[in-house]
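Below is one structure, written out as structure tokens; the observations come after it.
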Amino acid sequence: MNALAEITAQDQVHTVLSVPGMHCASCMGKVERGLAALPGVARARVNLSARTVSVAHSPGLDTPDLVAALSGIGFKAQPRRDELAPRYAAVRPLLAPLAVAFFAAMNVMTLSVSVWAGADGATRSLFHWLSALIGVPAIAYAGQPFFRSAWSALSKGRTNMDVPISIGVVIATCLSLYETASGGRDAWFDGALMLLTFLLAGRVLDAMMRDRARTGVDALLRQAATGALVVGDDGTPRWHKTQDLAPAMLMRVAAGERLAADGEIVAGASRFDQALLTGEAAPVVRRTGDTVLAGTLNLDSPVDVRVSQVGRDTTLAEIARLMEAAGQGRSRYVRLADRASRLYAPAVHTLAALATLGWLVAGAGLYQALVVGVTVLIITCPCALGLAVPVAQVVVSGALMRAGIMVKDGSALERLARVDRALLDKTGTLTLGRPLPDPAALAALTAEEAAVCLALASHSGHPLSRALADALAAAGHRAAPLVDVAEVPGTGVFARWNEDSVALRRPQVAGGMASALAIGSRPDRLIAYADRLRPDTAEALARLDRLGIESSILSGDNHAAVAEAARQTGLTAQWGATPAAKQDAIVRLQAAGHKVLMVGDGLNDGPALAAADASIAPGSASDVGLQAADVVFVSDSLLALPRAVAASRATMRVVRQNFALAIGYNILAVPLAIAGLLTPLIAAAAMSASSLIVVANSLRLARAVR
């Protein structure tokens, strides 16, 4: 299947296109509306930071059709490549124009010193002509990023933010040439060049900051191996690049290597560092039959892995897609920015025309009136407004991802910030959902007994045996050498060790989950298991309480199991809840005015996760749970819940600050420009500064996850 097009259950195709010409929320709106108007397109969502658009469409619509549709509204597009884009790819094309604009501006301003000092007559005219010889070619070259964008839009019968910028630069240059040719006193070559310098510097810094905001995704993708040794049918291992791997191939992964694809171990056992994917520092033991994931590091021993998922189908790539999707949500703040940016071009053109006409009516000359109009064109820009939401969402989503928390939808951050009630499922959510051996029982084992127990447990695929083997290996024990190993399904594992018969079997008499370790004539060692609360549960619940969120248990388990969890956590609980009952409980709370967070993992939690105002699922959740949840956390710790809520609230505070900054800038700057108190040079600096302030304010969220 094409990595750029994945068929969903509804027979829709998802295509991701790279659209490098998008710069602001106005561009986002035009791209999304242009694609949505195409027959067969279900929806289109732009990721402004990644400069991509994800399109859900019918199978009958091909990628060239989508590219043609975007071309028709003035945006060049191409299918996004699978490999990681080069770092600073958006920055490099702007560096040469910026250097030319800055160098020319410095030289023209040096020539202008004599004019400012009072030079007159032939001297002033000479310096103006020298400035024109330097400035006009430099303006023509350095202004190309804006001129091309503006012409592309105008040729398709639309406008964008580069249209007024280009008009302002061209008019300022033409006025300067007119003044120079007619012997006038003022010329604006230095102003036009400094305008381009500020604008290009703003674009470069903006592109660099966008790149920095995406470093979480980039760093994740860079952890994938570049290739793997593949064992052929003749038994000979040969190196294959990652893009050449295919399901069913047999990879041989040496100790110290990262996996290039997801797969199942068919020979060998080792410890794997999964911190990249799960946030857990402790290595995990994986043996024959276990699944291992691309990007994880093999620590101890070589293993043979049968490839199951490659390329964009791996878990690593899926996490990256979840991260990129975080910037595509349509919160009410994004919709507000879209509407404001959509009105930008006609509004600013009308405002500049009225300002120019007003000054002419007031008796000003054409030159002065045009300078005011140019200043208004330049200073009114919606970039800061368009950046207010998506940059904040992307930055905090990257910070959460590094903490092992994946945000699937940027708008979920807004909904998560408003929750005041949390409903938690028990098994697999409040608890780990897997039995763990009693630490006291393990501590009571002698070193010999622990070594034998580990060896026996490692030969079984039973969940209790695997949990026991992982616990013993994590404690630093090594397996004893066994012979004549045999597993009897439903009974246990039997072997011989130092002439003694040994076994790890089901106890003859025991309540609950337990294993019995038998070594020769020694008394059996009973090892009990229990499904324990997740790490940091008490602290997580205390943090939620401090955030003003009341928590309770909503579980389908039996009374005894839920009552024990309620006793340990101090939460009120409802047990025996069916999927419909869970959904009804959420609806009742919402009717009472609460904003509900549902945390669950099972198939029966799917309706509740979908009905809640916001939803979170652990990475071990069922496919239904993972699909329905807004946020997924992959570590065992329950601290992911308060961290996600606190980060979302911090995000909304920053978003509101960004809106205040963007709106306040326009309220202050536009009247000054209309009053003729600003020059095009000052207008360019102010416009760039407003966007950079918004982006810099959003970057503070990189430290929002604690």
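So you can find residues: chains in the structure tokens are A, B, ... in the order shown, residues in each start at 1, and ligands are numbered from 1 in order.
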- request: Show which residues sit within 12 Å of region 578-580 of chain A, as a VMD selection string. Count only C-alpha atoms, and ignore same-chain residues fewer than 3 positions away.
  value: chain A and resid 425 554 to 558 574 to 575 583 to 587 600 602 to 611
Just C-alpha atoms for this one: save the residues we selected as a tab-separated table (two decimals), in the first residue's frame.
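As a result, again_16.tsv now contains:
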chain	number	residue	atom	x	y	z
A	425	ASP	CA	-11.71	2.81	34.54
A	554	LEU	CA	-16.21	4.01	36.78
A	555	SER	CA	-15.60	0.31	36.10
A	556	GLY	CA	-17.27	-2.75	34.69
A	557	ASP	CA	-15.41	-5.03	37.14
A	558	ASN	CA	-17.01	-6.85	40.05
A	574	GLN	CA	-19.27	2.64	40.50
A	575	TRP	CA	-18.84	-1.05	39.59
A	583	GLN	CA	-21.84	6.67	28.56
A	584	ASP	CA	-24.99	7.55	30.51
A	585	ALA	CA	-22.92	8.54	33.55
A	586	ILE	CA	-20.93	10.97	31.39
A	587	VAL	CA	-24.07	12.43	29.82
A	600	GLY	CA	-10.09	4.09	29.92
A	602	GLY	CA	-10.87	-1.44	27.02
A	603	LEU	CA	-13.27	-2.16	24.23
A	604	ASN	CA	-16.11	-1.37	26.61
A	605	ASP	CA	-14.67	2.11	27.22
A	606	GLY	CA	-14.90	3.17	23.55
A	607	PRO	CA	-18.38	4.81	23.74
A	608	ALA	CA	-17.47	6.60	26.97
A	609	LEU	CA	-14.17	7.88	25.55
A	610	ALA	CA	-16.02	9.24	22.52
A	611	ALA	CA	-18.81	10.82	24.61
message: as a PyMOL selection string, please: every residue in region 431-604 of chain A that a backbone DSSP assignment puts in strand (DSSP E).
response: chain A and resi 436-437+483-488+492-497+500-505+514-519+525-530+550-554+573-574+596-599
field: Selection near region 240-244 of chain A, 8 Å with only C-alpha atoms, sequence-local residues under 5 positions removed, as a PyMOL selection string
entry: chain A and resi 225-230+260-261+310-311
Store the residues picked out above in a file with N, CA and C atoms, as a PDB file, in the first residue's frame.
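Printed below is selection34.pdb as written:
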ATOM      1  N   ALA A 225      16.553   3.082  12.686  1.00  0.00           N
ATOM      2  CA  ALA A 225      17.796   2.613  12.074  1.00  0.00           C
ATOM      3  C   ALA A 225      17.765   2.856  10.571  1.00  0.00           C
ATOM      4  N   THR A 226      18.945   3.014   9.982  1.00  0.00           N
ATOM      5  CA  THR A 226      19.021   3.260   8.538  1.00  0.00           C
ATOM      6  C   THR A 226      18.867   1.983   7.733  1.00  0.00           C
ATOM      7  N   GLY A 227      18.986   0.826   8.413  1.00  0.00           N
ATOM      8  CA  GLY A 227      18.848  -0.438   7.711  1.00  0.00           C
ATOM      9  C   GLY A 227      19.030  -1.595   8.664  1.00  0.00           C
ATOM     10  N   ALA A 228      19.090  -2.806   8.102  1.00  0.00           N
ATOM     11  CA  ALA A 228      19.219  -4.006   8.935  1.00  0.00           C
ATOM     12  C   ALA A 228      19.843  -5.133   8.125  1.00  0.00           C
ATOM     13  N   LEU A 229      20.466  -6.087   8.832  1.00  0.00           N
ATOM     14  CA  LEU A 229      20.941  -7.315   8.210  1.00  0.00           C
ATOM     15  C   LEU A 229      19.749  -8.257   8.039  1.00  0.00           C
ATOM     16  N   VAL A 230      19.508  -8.661   6.809  1.00  0.00           N
ATOM     17  CA  VAL A 230      18.386  -9.549   6.508  1.00  0.00           C
ATOM     18  C   VAL A 230      18.939 -10.911   6.113  1.00  0.00           C
ATOM     19  N   ALA A 260      15.105  -1.550  12.840  1.00  0.00           N
ATOM     20  CA  ALA A 260      14.680  -0.761  11.694  1.00  0.00           C
ATOM     21  C   ALA A 260      13.210  -0.966  11.361  1.00  0.00           C
ATOM     22  N   ALA A 261      12.563  -1.943  11.992  1.00  0.00           N
ATOM     23  CA  ALA A 261      11.164  -2.234  11.697  1.00  0.00           C
ATOM     24  C   ALA A 261      10.544  -2.933  12.893  1.00  0.00           C
ATOM     25  N   VAL A 310       6.704  -2.128   8.432  1.00  0.00           N
ATOM     26  CA  VAL A 310       7.858  -1.376   7.941  1.00  0.00           C
ATOM     27  C   VAL A 310       7.439   0.053   7.615  1.00  0.00           C
ATOM     28  N   GLY A 311       8.447   0.919   7.480  1.00  0.00           N
ATOM     29  CA  GLY A 311       8.212   2.283   7.017  1.00  0.00           C
ATOM     30  C   GLY A 311       7.200   3.029   7.855  1.00  0.00           C
TER      31      GLY A 311
END
message: Based on the backbone DSSP call, show me all residues of region 222-284 of chain A assigned helix (DSSP H, G or I), as a list in words.
response: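 Of region 222-284 of chain A, only Arg222, Thr242, Gln243, Asp244, Ala275, Leu276, Leu277 and Thr278 of chain A fall in helix (DSSP H, G or I).
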Export, as a PDB file, in the first residue's frame, the selected residues with N, CA and C atoms.
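Written output follows (again28.pdb):
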ATOM      1  N   ARG A 222      14.448  10.347  13.706  1.00  0.00           N
ATOM      2  CA  ARG A 222      15.876  10.094  13.491  1.00  0.00           C
ATOM      3  C   ARG A 222      16.389   8.892  14.287  1.00  0.00           C
ATOM      4  N   THR A 242      16.458   0.645   5.156  1.00  0.00           N
ATOM      5  CA  THR A 242      15.147   0.587   5.807  1.00  0.00           C
ATOM      6  C   THR A 242      14.015   0.595   4.792  1.00  0.00           C
ATOM      7  N   GLN A 243      14.135   1.425   3.759  1.00  0.00           N
ATOM      8  CA  GLN A 243      13.050   1.518   2.774  1.00  0.00           C
ATOM      9  C   GLN A 243      12.922   0.257   1.933  1.00  0.00           C
ATOM     10  N   ASP A 244      13.927  -0.625   1.978  1.00  0.00           N
ATOM     11  CA  ASP A 244      13.868  -1.863   1.197  1.00  0.00           C
ATOM     12  C   ASP A 244      13.357  -3.048   2.015  1.00  0.00           C
ATOM     13  N   ALA A 275      12.900   3.422  26.064  1.00  0.00           N
ATOM     14  CA  ALA A 275      12.657   4.749  26.620  1.00  0.00           C
ATOM     15  C   ALA A 275      12.171   5.732  25.565  1.00  0.00           C
ATOM     16  N   LEU A 276      12.642   5.577  24.343  1.00  0.00           N
ATOM     17  CA  LEU A 276      12.239   6.470  23.260  1.00  0.00           C
ATOM     18  C   LEU A 276      10.738   6.431  23.033  1.00  0.00           C
ATOM     19  N   LEU A 277      10.143   5.247  23.152  1.00  0.00           N
ATOM     20  CA  LEU A 277       8.728   5.087  22.840  1.00  0.00           C
ATOM     21  C   LEU A 277       7.842   5.149  24.065  1.00  0.00           C
ATOM     22  N   THR A 278       8.327   4.683  25.198  1.00  0.00           N
ATOM     23  CA  THR A 278       7.469   4.576  26.375  1.00  0.00           C
ATOM     24  C   THR A 278       7.834   5.539  27.487  1.00  0.00           C
TER      25      THR A 278
END
field: Nearest-residue call for Phe127 (chain A), choices A:Met109, A:Ala443, A:Met28, A:Leu94, using only C-alpha atoms
entry: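 Using only C-alpha atoms, the shortest distance to Phe127 (chain A) belongs to A:Met109.
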